[in-house]
Each structure stands twice: as structure tokens, then as C-alpha cells.
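To be precise, the following lines are final14.cif, and they hold mmCIF, C-alpha atoms.
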```cif
data_run
loop_
_atom_site.group_PDB
_atom_site.id
_atom_site.type_symbol
_atom_site.label_atom_id
_atom_site.label_comp_id
_atom_site.auth_asym_id
_atom_site.auth_seq_id
_atom_site.Cartn_x
_atom_site.Cartn_y
_atom_site.Cartn_z
ATOM 1 C CA MET J 11 -6.519 15.976 5.264
ATOM 2 C CA GLU J 12 -8.957 18.826 5.697
ATOM 3 C CA LYS J 13 -7.938 20.337 2.345
ATOM 4 C CA ALA J 14 -8.504 16.980 0.629
ATOM 5 C CA GLN J 15 -11.948 16.556 2.177
ATOM 6 C CA HIS J 16 -12.920 20.030 0.943
ATOM 7 C CA GLY J 17 -11.698 19.181 -2.572
ATOM 8 C CA ASN J 18 -8.783 21.626 -2.638
ATOM 9 C CA ILE J 19 -6.115 18.921 -3.174
ATOM 10 C CA GLU J 20 -5.822 15.247 -4.054
ATOM 11 C CA LEU J 21 -4.160 13.485 -1.112
ATOM 12 C CA PHE J 22 -2.568 10.082 -1.657
ATOM 13 C CA PHE J 23 -0.721 7.672 0.594
ATOM 14 C CA MET J 24 1.925 5.703 -1.314
ATOM 15 C CA ASP J 25 3.938 2.622 -0.457
ATOM 16 C CA ALA J 26 5.152 -0.655 -1.903
ATOM 17 C CA ALA J 27 4.253 -4.148 -0.753
ATOM 18 C CA HIS J 28 6.335 -7.189 -1.593
ATOM 19 C CA PHE J 29 4.229 -10.339 -1.483
ATOM 20 C CA VAL J 30 6.276 -13.536 -1.323
ATOM 21 C CA LEU J 31 4.916 -16.894 -2.495
ATOM 22 C CA LEU J 32 5.202 -18.669 0.853
ATOM 23 C CA PRO J 33 2.642 -20.060 3.278
ATOM 24 C CA PHE J 34 0.965 -17.499 5.535
ATOM 25 C CA LEU J 35 -0.596 -19.195 8.506
ATOM 26 C CA GLY J 36 -3.476 -17.388 10.122
ATOM 27 C CA TYR J 37 -3.964 -19.910 12.887
ATOM 28 C CA LEU J 38 -2.546 -23.374 13.419
ATOM 29 C CA TYR J 39 -3.105 -25.577 16.416
ATOM 30 C CA SER J 40 -2.519 -29.285 16.241
ATOM 31 C CA LEU J 41 -1.617 -32.041 18.668
ATOM 32 C CA ALA J 42 -0.184 -34.085 15.807
ATOM 33 C CA THR J 43 2.468 -33.140 13.275
ATOM 34 C CA ARG J 44 0.989 -31.539 10.175
ATOM 35 C CA PHE J 45 2.674 -30.938 6.855
ATOM 36 C CA ILE J 46 1.632 -27.881 4.923
ATOM 37 C CA LYS J 47 2.079 -27.483 1.179
ATOM 38 C CA SER J 48 4.617 -24.826 0.410
ATOM 39 C CA TRP J 49 6.829 -23.502 -2.329
ATOM 40 C CA SER J 50 10.565 -23.736 -2.203
ATOM 41 C CA GLY J 51 12.453 -20.697 -3.343
ATOM 42 C CA ARG J 52 11.362 -17.129 -3.107
ATOM 43 C CA LYS J 53 9.150 -15.778 -5.858
ATOM 44 C CA ARG J 54 8.075 -12.220 -5.195
ATOM 45 C CA PHE J 55 5.209 -10.085 -6.505
ATOM 46 C CA SER J 56 5.692 -6.393 -5.785
ATOM 47 C CA VAL J 57 2.971 -3.754 -5.855
ATOM 48 C CA LEU J 58 3.507 -0.015 -5.659
ATOM 49 C CA GLY J 59 0.243 1.639 -4.761
ATOM 50 C CA ALA J 60 -1.157 5.069 -4.073
ATOM 51 C CA ILE J 61 -4.519 5.258 -2.328
ATOM 52 C CA ASN J 62 -6.648 8.375 -2.366
ATOM 53 C CA ALA J 63 -7.308 9.386 1.242
ATOM 54 C CA VAL J 64 -10.856 10.566 0.496
ATOM 55 C CA SER J 65 -12.264 8.403 -2.311
ATOM 56 C CA LYS J 66 -10.214 5.277 -1.406
ATOM 57 C CA GLU J 67 -9.379 4.809 -5.106
ATOM 58 C CA LEU J 68 -6.219 2.739 -5.566
ATOM 59 C CA ILE J 69 -3.776 3.393 -8.381
ATOM 60 C CA MET J 70 -1.048 0.773 -8.629
ATOM 61 C CA MET J 71 1.916 -0.539 -10.571
ATOM 62 C CA THR J 72 2.933 -4.192 -10.331
ATOM 63 C CA GLU J 73 6.334 -5.803 -10.803
ATOM 64 C CA ALA J 74 7.353 -9.455 -10.814
ATOM 65 C CA THR J 75 10.628 -8.522 -9.139
ATOM 66 C CA TYR J 76 11.395 -5.336 -7.229
ATOM 67 C CA VAL J 77 9.988 -1.837 -7.032
ATOM 68 C CA ASP J 78 12.584 0.811 -7.827
ATOM 69 C CA SER J 79 12.782 4.528 -8.537
ATOM 70 C CA MET J 80 11.655 4.011 -12.142
ATOM 71 C CA THR J 81 8.440 2.360 -10.896
ATOM 72 C CA VAL J 82 7.837 5.272 -8.518
ATOM 73 C CA CYS J 83 8.357 7.765 -11.359
ATOM 74 C CA ALA J 84 5.917 5.824 -13.563
ATOM 75 C CA LEU J 85 3.280 5.974 -10.816
ATOM 76 C CA LEU J 86 3.891 9.709 -10.330
ATOM 77 C CA LYS J 87 3.366 10.247 -14.067
ATOM 78 C CA GLU J 88 0.167 8.200 -13.963
ATOM 79 C CA LEU J 89 -1.157 10.323 -11.101
ATOM 80 C CA ALA J 90 -0.182 13.524 -12.928
ATOM 81 C CA ILE J 91 -2.081 12.388 -16.035
ATOM 82 C CA ARG J 92 -5.223 11.389 -14.100
ATOM 83 C CA TYR J 93 -5.291 14.523 -11.967
ATOM 84 C CA TRP J 94 -3.720 17.020 -14.359
ATOM 85 C CA ASP J 95 -5.936 19.866 -13.166
ATOM 86 C CA ARG J 96 -5.542 19.231 -9.423
ATOM 87 C CA HIS J 97 -2.833 19.858 -6.851
ATOM 88 C CA ILE J 98 -1.464 16.440 -5.822
ATOM 89 C CA VAL J 99 0.072 15.713 -2.423
ATOM 90 C CA ILE J 100 1.582 12.301 -1.719
ATOM 91 C CA VAL J 101 2.476 10.992 1.738
ATOM 92 C CA LEU J 102 5.169 8.321 1.630
ATOM 93 C CA ASP J 103 7.845 6.712 3.740
ATOM 94 C CA ASN J 104 11.598 7.114 3.562
ATOM 95 C CA ALA J 105 12.427 4.161 1.337
ATOM 96 C CA ARG J 106 15.648 4.861 -0.513
ATOM 97 C CA TYR J 107 14.115 4.401 -3.971
ATOM 98 C CA GLN J 108 11.371 6.932 -3.107
ATOM 99 C CA ARG J 109 13.708 9.594 -1.783
ATOM 100 C CA CYS J 110 16.307 9.509 -4.549
ATOM 101 C CA ARG J 111 17.140 12.463 -6.769
ATOM 102 C CA LEU J 112 15.316 11.010 -9.807
ATOM 103 C CA VAL J 113 12.005 10.746 -7.926
ATOM 104 C CA LEU J 114 12.369 14.180 -6.332
ATOM 105 C CA ARG J 115 13.082 15.804 -9.702
ATOM 106 C CA THR J 116 10.236 13.958 -11.407
ATOM 107 C CA ALA J 117 7.787 15.035 -8.699
ATOM 108 C CA GLU J 118 8.992 18.609 -8.966
ATOM 109 C CA SER J 119 8.617 18.650 -12.753
ATOM 110 C CA LEU J 120 5.085 17.229 -12.448
ATOM 111 C CA HIS J 121 4.181 19.727 -9.683
ATOM 112 C CA ILE J 122 3.518 16.949 -7.185
ATOM 113 C CA GLN J 123 4.231 17.652 -3.535
ATOM 114 C CA LEU J 124 5.875 14.803 -1.614
ATOM 115 C CA LEU J 125 5.504 14.607 2.172
ATOM 116 C CA PHE J 126 7.869 12.137 3.808
ATOM 117 C CA LEU J 127 6.833 10.469 7.044
ATOM 118 C CA PRO J 128 9.211 10.310 10.007
ATOM 119 C CA PRO J 129 11.471 7.237 10.028
ATOM 120 C CA TYR J 130 9.992 4.023 11.418
ATOM 121 C CA SER J 131 6.385 5.172 11.421
ATOM 122 C CA PRO J 132 4.455 2.834 9.094
ATOM 123 C CA ASN J 133 1.403 3.254 11.332
ATOM 124 C CA LEU J 134 0.986 6.772 9.870
ATOM 125 C CA ASN J 135 0.701 5.509 6.299
ATOM 126 C CA LEU J 136 -2.883 4.516 5.452
ATOM 127 C CA ILE J 137 -1.865 2.177 2.651
ATOM 128 C CA GLU J 138 -0.066 -0.088 5.146
ATOM 129 C CA ARG J 139 -3.525 -1.020 6.432
ATOM 130 C CA LEU J 140 -4.527 -1.981 2.896
ATOM 131 C CA TRP J 141 -1.525 -4.307 2.565
ATOM 132 C CA LYS J 142 -2.503 -5.993 5.837
ATOM 133 C CA PHE J 143 -6.086 -6.360 4.574
ATOM 134 C CA VAL J 144 -4.883 -8.007 1.327
ATOM 135 C CA LYS J 145 -2.707 -10.469 3.213
ATOM 136 C CA LYS J 146 -5.588 -11.403 5.479
ATOM 137 C CA LYS J 147 -8.100 -11.700 2.612
ATOM 138 C CA VAL J 148 -5.957 -13.458 0.014
ATOM 139 C CA LEU J 149 -2.830 -14.987 1.523
ATOM 140 C CA TYR J 150 -3.536 -16.301 5.014
ATOM 141 C CA ASN J 151 -4.314 -20.032 4.973
ATOM 142 C CA HIS J 152 -4.252 -20.239 1.162
ATOM 143 C CA PHE J 153 -2.016 -22.323 -1.039
ATOM 144 C CA TYR J 154 -1.537 -21.255 -4.659
ATOM 145 C CA SER J 155 -0.416 -23.973 -7.036
ATOM 146 C CA ASP J 156 1.510 -21.592 -9.271
ATOM 147 C CA PHE J 157 2.910 -18.091 -9.255
ATOM 148 C CA GLN J 158 0.414 -16.781 -11.823
ATOM 149 C CA LEU J 159 -2.555 -17.722 -9.604
ATOM 150 C CA PHE J 160 -0.825 -16.059 -6.675
ATOM 151 C CA CYS J 161 -0.324 -12.803 -8.612
ATOM 152 C CA SER J 162 -3.841 -12.781 -10.040
ATOM 153 C CA ALA J 163 -5.414 -13.349 -6.596
ATOM 154 C CA ILE J 164 -3.561 -10.328 -5.192
ATOM 155 C CA THR J 165 -4.340 -8.166 -8.223
ATOM 156 C CA ASP J 166 -7.999 -9.192 -8.169
ATOM 157 C CA CYS J 167 -8.306 -8.272 -4.489
ATOM 158 C CA LEU J 168 -6.633 -4.910 -5.077
ATOM 159 C CA ASN J 169 -8.901 -4.192 -8.048
ATOM 160 C CA LYS J 170 -11.955 -4.753 -5.828
ATOM 161 C CA THR J 171 -10.898 -2.330 -3.085
ATOM 162 C CA HIS J 172 -12.936 0.510 -4.544
ATOM 163 C CA THR J 173 -16.027 -1.633 -5.222
ATOM 164 C CA GLU J 174 -16.624 -4.963 -3.486
ATOM 165 C CA PHE J 175 -14.463 -4.380 -0.397
ATOM 166 C CA ARG J 176 -15.262 -0.683 -0.012
ATOM 167 C CA SER J 177 -17.477 -1.068 3.065
ATOM 168 C CA GLU J 178 -14.855 -3.179 4.859
ATOM 169 C CA LEU J 179 -12.107 -0.735 3.961
ATOM 170 C CA ASP J 180 -14.069 2.385 4.903
ATOM 171 C CA THR J 181 -13.652 1.612 8.589
ATOM 172 C CA LEU J 182 -10.088 0.338 8.191
ATOM 173 C CA LEU J 183 -8.766 3.263 6.141
ATOM 174 C CA ARG J 184 -9.980 6.138 8.277
ATOM 175 C CA PRO J 185 -7.347 8.861 8.437
ATOM 176 C CA LYS J 186 -7.803 9.436 12.149
ATOM 177 C CA PHE J 187 -4.803 8.744 14.292
ATOM 178 C CA GLN J 188 -4.631 8.592 18.040
ATOM 179 C CA SER J 189 -3.132 11.663 19.634
ATOM 180 C CA PHE J 190 -1.417 11.713 23.007
ATOM 181 C CA LYS J 191 -1.442 15.508 23.490
ATOM 182 C CA ASN J 192 -3.681 15.492 26.559
ATOM 183 C CA ALA J 193 -2.611 12.150 27.950
ATOM 184 C CA THR J 194 -1.278 11.813 31.469
ATOM 185 C CA PHE J 195 0.993 8.988 32.488
ATOM 186 C CA ASN J 196 1.189 7.730 36.055
ATOM 187 C CA PRO J 197 4.419 5.981 37.018
#
```

Representation of the structure as C-alpha cells:
Amino acid sequence: MEKAQHGNIELFFMDAAHFVLLPFLGYLYSLATRFIKSWSGRKRFSVLGAINAVSKELIMMTEATYVDSMTVCALLKELAIRYWDRHIVIVLDNARYQRCRLVLRTAESLHIQLLFLPPYSPNLNLIERLWKFVKKKVLYNHFYSDFQLFCSAITDCLNKTHTEFRSELDTLLRPKFQSFKNATFNP
């Protein structure tokens, strides 16, 4: 992180989010039975994103189905084109499609360094906080009448992360994590 803040590298946090067209209830309390509009079935809108740890710029690829290794390679190529003169480091989780041979070879050929997080540690990936923010801003307590409106609402929110929502995200996307090095535990 220190190298990125000094401008020596471009540090990105990458992950995919799979938004499903279903009701997301923020809060619901009722003494009487309530019926909530909902979709039947399971339409999915997938976003693969990489957020710059310093500038908070989001670069993303969207899919109407699933994110796979080809989508990851396309995003790696996009990053390599945008930052052709910089050393790129990407922090990502251990999803199978991100750790496959195709992705590893593509990253190596593009001179991109991949840092894999320990298993089951989504709290260490900054972009997970962005996905939570999008769900809260766009999905909770909203009903979308069709799939296209659903997709455009998510995309619109993600496109505004660097501009309109920047002040809200500045506090949320701080790369400081709690350390327990000097903690004492009393039984």
C-alpha cells in the first residue's frame, strides 16, 4: 500500500459480484401480513471489478450470466492497456476462475503481479465493501420492473463511484485493517 501511495505501483483490488434480481429487504416490521413484489426465477447480473486502492477508480466488466476466466483475462488486458507504463499489482481472492492457468499465464505475459488473499478472508479485499455499498444504495427496498432497469441501476451506481459517491466511499474504502499484534485476551 505504501508503494502505491508513493506512486511506485498501481495497486488494485479485484473481485466479482453476482447481483440476483430478487427482493432485498433492508428492514421489514409489520403486524399484518404484507406481500412484496418479486420476480420468479433467477436472473443474474455479474460484475467483475478492479478498484484502484489510491484513486478509487473502478474498472469493470459486466456479464449477463457468469464471470469466468475469459472475463478475468479481458479485465487484465484492459488494466495493462490503461497502465502500460506502470507496474500493476492486483489483490484478489482464491476463486477458481481467477487462479486457473489461463489467468496466471495472461498476467505473467502482461507483467501484472497477482497477490492472492488467504482463503475465507473477504474482509481483506477492499472491493467487497464496494459491493456492499452498491447493494445498500441500489438494491435494498427497491423493486425493478424488468431486468434491464435492474442492470442499468447497478451500472449507473458503479459508474458514479469515482464522482458522485466519492466522499461516501472515501471513508468506506480505507485500506486500514485492524491488527491484533498487541492485543491481550483475558479468559

Self-check item: Residues in the PyMOL selection byres ((chain J and resi 132) around 12), expressed as a list of chain:residue names
Solution: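 Taken over the shown coordinates, the PyMOL selection byres ((chain J and resi 132) around 12) returns J:Phe23, J:Met24, J:Asp25, J:Ala26, J:Val101, J:Leu102, J:Asp103, J:Asn104, J:Ala105, J:Phe126, J:Leu127, J:Pro128, J:Pro129, J:Tyr130, J:Ser131, J:Asn133, J:Leu134, J:Asn135, J:Leu136, J:Ile137, J:Glu138, J:Arg139, J:Leu140, J:Trp141, J:Lys142.
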
Quiz item: So what do you get for atom CA of Leu168 of chain J versus atom CA of Leu32 of chain J, distance-wise?
Solution: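 Distance reported for this atom pair: 19.1 Å.
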
Exercise. Tell me which residues the PyMOL selection byres ((chain J and resi 65-76) around 9) grabs here, as a PyMOL selection string.
Key: chain J and resi 28+53-64+77-78+81-82+84-85+88-89+161+165+168-169+171-172+176+179-180+183

Exercise. Name every residue that the PyMOL selection byres ((chain J and resi 157) around 12) selects in this structure, writing the answer as a list in words with chains first and numbers rising.
Key: Phe29, Val30, Leu31, Leu32, Ser48, Trp49, Ser50, Gly51, Arg52, Lys53, Arg54, Phe55, Ala74, Phe153, Tyr154, Ser155, Asp156, Gln158, Leu159, Phe160, Cys161, Ser162, Ala163 and Ile164 of chain J

Within 10 Å of (-8.7, 17.5, -2.6), in the coordinates the file gives, what residues turn up when you count all atoms listed in the file, written out as a PDB file with C-alpha atoms, keeping the file's coordinate frame?
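Here's the written file result_23.pdb:
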```pdb
ATOM      1  CA  MET J  11      -6.519  15.976   5.264  1.00  0.00           C
ATOM      2  CA  GLU J  12      -8.957  18.826   5.697  1.00  0.00           C
ATOM      3  CA  LYS J  13      -7.938  20.337   2.345  1.00  0.00           C
ATOM      4  CA  ALA J  14      -8.504  16.980   0.629  1.00  0.00           C
ATOM      5  CA  GLN J  15     -11.948  16.556   2.177  1.00  0.00           C
ATOM      6  CA  HIS J  16     -12.920  20.030   0.943  1.00  0.00           C
ATOM      7  CA  GLY J  17     -11.698  19.181  -2.572  1.00  0.00           C
ATOM      8  CA  ASN J  18      -8.783  21.626  -2.638  1.00  0.00           C
ATOM      9  CA  ILE J  19      -6.115  18.921  -3.174  1.00  0.00           C
ATOM     10  CA  GLU J  20      -5.822  15.247  -4.054  1.00  0.00           C
ATOM     11  CA  LEU J  21      -4.160  13.485  -1.112  1.00  0.00           C
ATOM     12  CA  PHE J  22      -2.568  10.082  -1.657  1.00  0.00           C
ATOM     13  CA  ASN J  62      -6.648   8.375  -2.366  1.00  0.00           C
ATOM     14  CA  ALA J  63      -7.308   9.386   1.242  1.00  0.00           C
ATOM     15  CA  VAL J  64     -10.856  10.566   0.496  1.00  0.00           C
ATOM     16  CA  SER J  65     -12.264   8.403  -2.311  1.00  0.00           C
ATOM     17  CA  ARG J  96      -5.542  19.231  -9.423  1.00  0.00           C
ATOM     18  CA  HIS J  97      -2.833  19.858  -6.851  1.00  0.00           C
ATOM     19  CA  ILE J  98      -1.464  16.440  -5.822  1.00  0.00           C
ATOM     20  CA  VAL J  99       0.072  15.713  -2.423  1.00  0.00           C
TER      21      VAL J  99
END
```

Self-check item: atom CA of Tyr107 of chain J to atom CA of Cys167 of chain J, distance in Å rounded to a single decimal
Solution: 25.8 Å

Practice problem: Mind giving me the straight-line distance from atom CA of Pro33 of chain J to atom CA of His152 of chain J in Å, one decimal? | Solution: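 Atom CA of Pro33 of chain J sits 7.2 Å away from atom CA of His152 of chain J.
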
Exercise. Identify which of the residues J:Leu86, J:Leu182, J:Phe175, J:Lys145 lies closest to Ala27 of chain J, counting only C-alpha atoms when measuring atom-to-atom distances.
Key: J:Lys145

Quiz prompt | Shortest interatomic distance to Arg115 of chain J - which of J:Val144, J:Ala42, J:Cys83, J:Ile100, counting all atoms listed in the file | solution =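 So, comparing all the options, the nearest one is J:Cys83.
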
Enclose segment 135-148 of chain J, meaning all of its atoms listed in the file, in a box aligned along x, y and z, pad it by 3 Å on each side, and list the centre and edge lengths in Å to one decimal, as AutoDock Vina command-line options.
```
--center_x -3.7 --center_y -4.0 --center_z 3.2 --size_x 14.8 --size_y 25.0 --size_z 12.4
```

Can you pull out the residues contacting Trp94 of chain J? Cut-off 10 Å, using only C-alpha atoms, and skip same-chain residues under 6 positions away; I want them as a compact mmCIF listing (two decimals) with C-alpha atoms, in the frame of the given file.
```txt
# COMPACT_ATOMS: atom_id res chain seq x y z
CA LYS J 87 3.37 10.25 -14.07
CA GLU J 88 0.17 8.20 -13.96
CA LEU J 120 5.08 17.23 -12.45
CA HIS J 121 4.18 19.73 -9.68
```

Exercise. Point out the residue among J:Lys146, J:Arg109, J:Arg184, J:Lys170 with the least atom-to-atom distance to Met80 of chain J, counting all atoms listed in the file.
Key: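 Of the candidates, the smallest distance to Met80 of chain J is held by J:Arg109.
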